[in-house]
Amino acid sequence: MAALPPSLTTRSCYLNYGTAEMSNLIAAEHFISKSKITHRPENVNVKNENFCGGSIKNLGNTRKNFDVRMFAAARVSVEHSETIFTRSLQVADLKKVATYLFRTEIGGQVKVFVRKRNDKYAVNVEASSLQLCGNDSWLALVWGIHRSDSSCFMPVESQHYNQNAKTRTTENPFIKTSFSEFAIELELEAKCSPFYLSFLLKSLSNANPDGQEIKSHRKANFCVPIGFGAGYPAPLGLSFSKNGSMNFAFFSRNSENVVLCLYDDSTAEKPAFELDLDPYINRTGDVWHASVGSAWNYVSYGYKCRGPALQGDGDNFPAERILLDPYAKVIANVISDNNDSVLLPTYLGQLCKEPSFDWSGDVRLNLPMEKLVVYRLNVMCFTEHKSSKLPTNMAGTFLGLTEKVNHLKALGVNAVLLEPIFPFDEQKGPYFPCHFFSPMNIYGPGPVSTINSMKEMVKKLHANGIEVLMEVVFTHTADSGALQGIDDLCYYYSSNTENLGPRSNLNCNYPIVQQIILDSLHHWVTEFHVDGFSFVNAASLLRGPHGECLSRPPLVEAIAFDPLLSKTKIIADCWDPHGFKPKETHFPHWKRWAETNTKFCNDIRNFLRGEGLISDLATRLCGSGDIFSDGRGPAFSFNFIARNFGLPLVDLVSFSSPELSSQLSWNCGEEGPTTNTAVLERRLKQIRNFLFILYVSLGVPVLNMGDECGQSSRGSPSYGDKKALDWNTLATGFGIQITQFISFLSSLRMRRSDVLQSRNFLKEENIDWHGSDHSEPRWEDPSCKFLAMTLKADEEDPQSSQQSGDLFIAFNAAEHSESVILPPLDEGIEWRRLVDTALPFPGFFSISGDPVPEQMAGLVAYEMKSYSCTLFEASSGLSG
């Protein structure tokens, strides 16, 4: 037999198996001793004897039945390597052999060579340097095969093997090859692998017919895996080699034992096979790993983790619960009749490769940040309503979204921001994820189809000039069914950490959590061609491993300088889904991170309800220099008026009860639905004002799904009260005029990109501020509710030939009208009114502009109604 290399040393092996039921039986046809079919000697007499907790019974010389339970639950000494098995084999049959080396309790060694030969596994066992009793001693192998329960062996149905029908163990003799060497070969069917061969040696002689058991130096049985091996620690998750074998790698620092569980039926409540990973062979550092040569009889997998240190606060987490692989790329919901069991997982990883997809023709748009017009939507709610007129199997899915791409284009949108699509806790909603590497299966017909349909959606949106951004939640998970039980000490903050709230908060700057977040982001960019990410609850990304606030959080910095991620849009959104409130924080950005601008939302709401200072309004109009003048610029400000939490736009002007004080809303004179014409007109003006300010402010406007057609939650700010988009409302008078107005504002931003889509702050000489009487604004006067500004076109801009003249914009939040004096213009130039939100539809906006006649020599006076905004553009009197 091939000799082991001199450097090969022994290490302990712990193989402890679970309690899953046996699957298909494995038949071993015959055993070979030095290429010769052999039967056991007939002069062996064995008396009753205790044997691993059972007994051996003498039932005759030609066949012995053993009441044997061969446990592999203790540590044994084993070393795994790969070598070339050369003895008694033809050169053409040479293949790589998995080799295991054991030490025995009486000295000497046992070597086991396992190799694949066609549809069988050849297992060669060699024993050497054993201290046997007497020269007439011979050696026998007492063995059994099992899957998940080492106390329950599977039958070996073969005429060559004499097996105890009760214990399903077999005894076969070795062939003595030299003075101190013995060898035997077994052939085992490979079609039902993986499985284990568990054995011990038995020394027999004429003087000692009862025999002497020989176990490992740890007094345990020898145990050899068949059809699976040590595997590799990288990459984490499930990966496939060219020869078809699968590698499993799973992080758990504090687990004492990790069990790989394979299922052959997605409806089964118990795994068909459980592989206890050996901490000496199947562990490298903090990563547990194993490779399985052929497991195509199985369809899904999960893990069990055991050890008292897994839960940092000693939570009573069931040790036998099946856990989802955090790195699984294809996952499926568990279907069972007993879903109330705490041991059942919500999802299992699928034993399949991620589906291939034809990305040919897809072009990454790489739109400049300042050019973005974003539409935030929920994939399911966007087309779930029957009014979408989509087939049932398409409504509420990724493919359903692609069917409505013309609506997005009509609004002038060039980017969609998807609410979280990770698998989530269905009771708490999408902001409480269970997994980070796959879309939730509700957005498609099945795990694989959902993945491909999302890729198809991204490709089609790109083809229509629309980028795809994703809201992602990495700071916390669902309360169960996520990473809990794998290693809470590493993944989560302890519950007694100050100011961190619920126990499900992830320790984002801990190395393994940082790695899983970066790997997840890379996966969505490379596999799904996603263009950017908005990080919900981003303030928690600044916390250190012990809850402390970090000035240079490693994860935030790593994302900023990652060669791949730094080319995408990365946006910090400090809204906390636990409390539904934004966290005020100074976010470190390294000139790469954009931010969702909550101050913009609050200041605009306050101004339009008649509160706040006009200085705050001016700051937001000019790009929020108080936040973004630290090396970034207004293009890093993602502005919004309403979003998926809190009141939608139509409710901001319809409800203002004391319970809604945090919403900064105003009901315009009457609470809730009304038939009062004056109140309805005021509400309509306010909605136009909100949209107008959103689009004329420097920064990225973010429109919320449903605001274009007056979608209401009936005054409820709760996320759970949000409803699916009713497409019929787009055909109402309100829906028609608002969608047309949004489309006009989008085209205006593009046409006047010189002043409305600037990447940098406007120069001071390019802005003039005016009060109502053309005097200096009363910046700090809380009673002042009027502000006007002139945006001067830059004549030196290379695109100036395509631009019109200056813009004059005025805002009146007072209850009374204001007479506005427009700045004088050069001869041949006139002011043309583009927007007056107080005018009736359709005249409240005009694409070409309506000329405003002079009312006195060289001056134009214009009366602004209460609660209105106006926009004028200077242009040649011959135009339009």
# chains A, B, ... in the order shown; residues from 1 in each chain; ligands from 1
call {"tool": "residues_around", "arguments": {"residues": "range 283-294 of chain A", "least_positions_apart": "5", "cutoff": "8 Å", "atoms": "only C-alpha atoms", "output": "PyMOL selection string"}}
result
chain A and resi 193-194+227-233+244-253+258+277-278
call {"tool": "residues_around", "arguments": {"residues": "Ala861 in chain A", "least_positions_apart": "2", "cutoff": "7 Å", "atoms": "only C-alpha atoms", "output": "PDB file with C-alpha atoms, in the first residue's frame"}}
result
ATOM      1  CA  SER A 819     -47.879  91.619  -4.838  1.00  0.00           C
ATOM      2  CA  VAL A 820     -44.532  90.600  -6.325  1.00  0.00           C
ATOM      3  CA  ILE A 821     -42.265  92.929  -8.318  1.00  0.00           C
ATOM      4  CA  LEU A 822     -40.264  90.905 -10.814  1.00  0.00           C
ATOM      5  CA  GLN A 855     -47.788  96.944 -15.627  1.00  0.00           C
ATOM      6  CA  LEU A 859     -41.393  96.714 -14.106  1.00  0.00           C
ATOM      7  CA  GLU A 863     -50.205  89.114  -7.641  1.00  0.00           C
TER       8      GLU A 863
END
call {"tool": "select_by_dssp", "arguments": {"residues": "range 645-843 of chain A", "states": "strand (DSSP E or B)", "output": "ChimeraX atom specification"}}
result
/A:700-704,767-770,786-791,807-812,818-822,829-836
call {"tool": "closest_atom_pairs", "arguments": {"of": "range 662-749 of chain A", "to": "range 608-611 of chain A", "cutoff": "9 Å", "atoms": "only C-alpha atoms", "output": "CSV"}}
result
residue,atom,partner,partner_atom,distance
A:Leu664,CA,A:Arg609,CA,8.0
A:Ser665,CA,A:Arg609,CA,7.2
A:Trp666,CA,A:Arg609,CA,5.9
A:Cys668,CA,A:Arg609,CA,8.3
A:Gln686,CA,A:Leu608,CA,7.3
A:Asn689,CA,A:Leu608,CA,7.9
A:Phe690,CA,A:Leu608,CA,7.9
call {"tool": "write_last_selection", "arguments": {"atoms": "N, CA and C atoms", "output": "mmCIF file, in the first residue's frame"}}
result
data_model
loop_
_atom_site.group_PDB
_atom_site.id
_atom_site.type_symbol
_atom_site.label_atom_id
_atom_site.label_comp_id
_atom_site.auth_asym_id
_atom_site.auth_seq_id
_atom_site.Cartn_x
_atom_site.Cartn_y
_atom_site.Cartn_z
ATOM 1 N N LEU A 664 -45.964 66.853 11.199
ATOM 2 C CA LEU A 664 -45.875 68.239 10.718
ATOM 3 C C LEU A 664 -46.850 68.487 9.567
ATOM 4 N N SER A 665 -48.031 67.917 9.703
ATOM 5 C CA SER A 665 -49.044 68.038 8.650
ATOM 6 C C SER A 665 -50.016 69.169 8.975
ATOM 7 N N TRP A 666 -50.869 69.528 8.001
ATOM 8 C CA TRP A 666 -51.903 70.542 8.181
ATOM 9 C C TRP A 666 -53.106 70.148 7.333
ATOM 10 N N CYS A 668 -55.556 71.897 6.313
ATOM 11 C CA CYS A 668 -56.041 72.993 5.464
ATOM 12 C C CYS A 668 -57.415 73.508 5.902
ATOM 13 N N GLN A 686 -51.688 73.048 -1.992
ATOM 14 C CA GLN A 686 -50.597 72.599 -1.142
ATOM 15 C C GLN A 686 -49.876 71.379 -1.741
ATOM 16 N N ASN A 689 -47.741 72.690 -4.348
ATOM 17 C CA ASN A 689 -46.604 73.392 -3.748
ATOM 18 C C ASN A 689 -45.521 72.412 -3.296
ATOM 19 N N PHE A 690 -45.942 71.352 -2.635
ATOM 20 C CA PHE A 690 -44.975 70.348 -2.181
ATOM 21 C C PHE A 690 -44.170 69.798 -3.358
#
call {"tool": "atom_distance", "arguments": {"atom1": "CA of Asp479 in chain A", "atom2": "CA of Arg306 in chain A"}}
result
19.6 Å
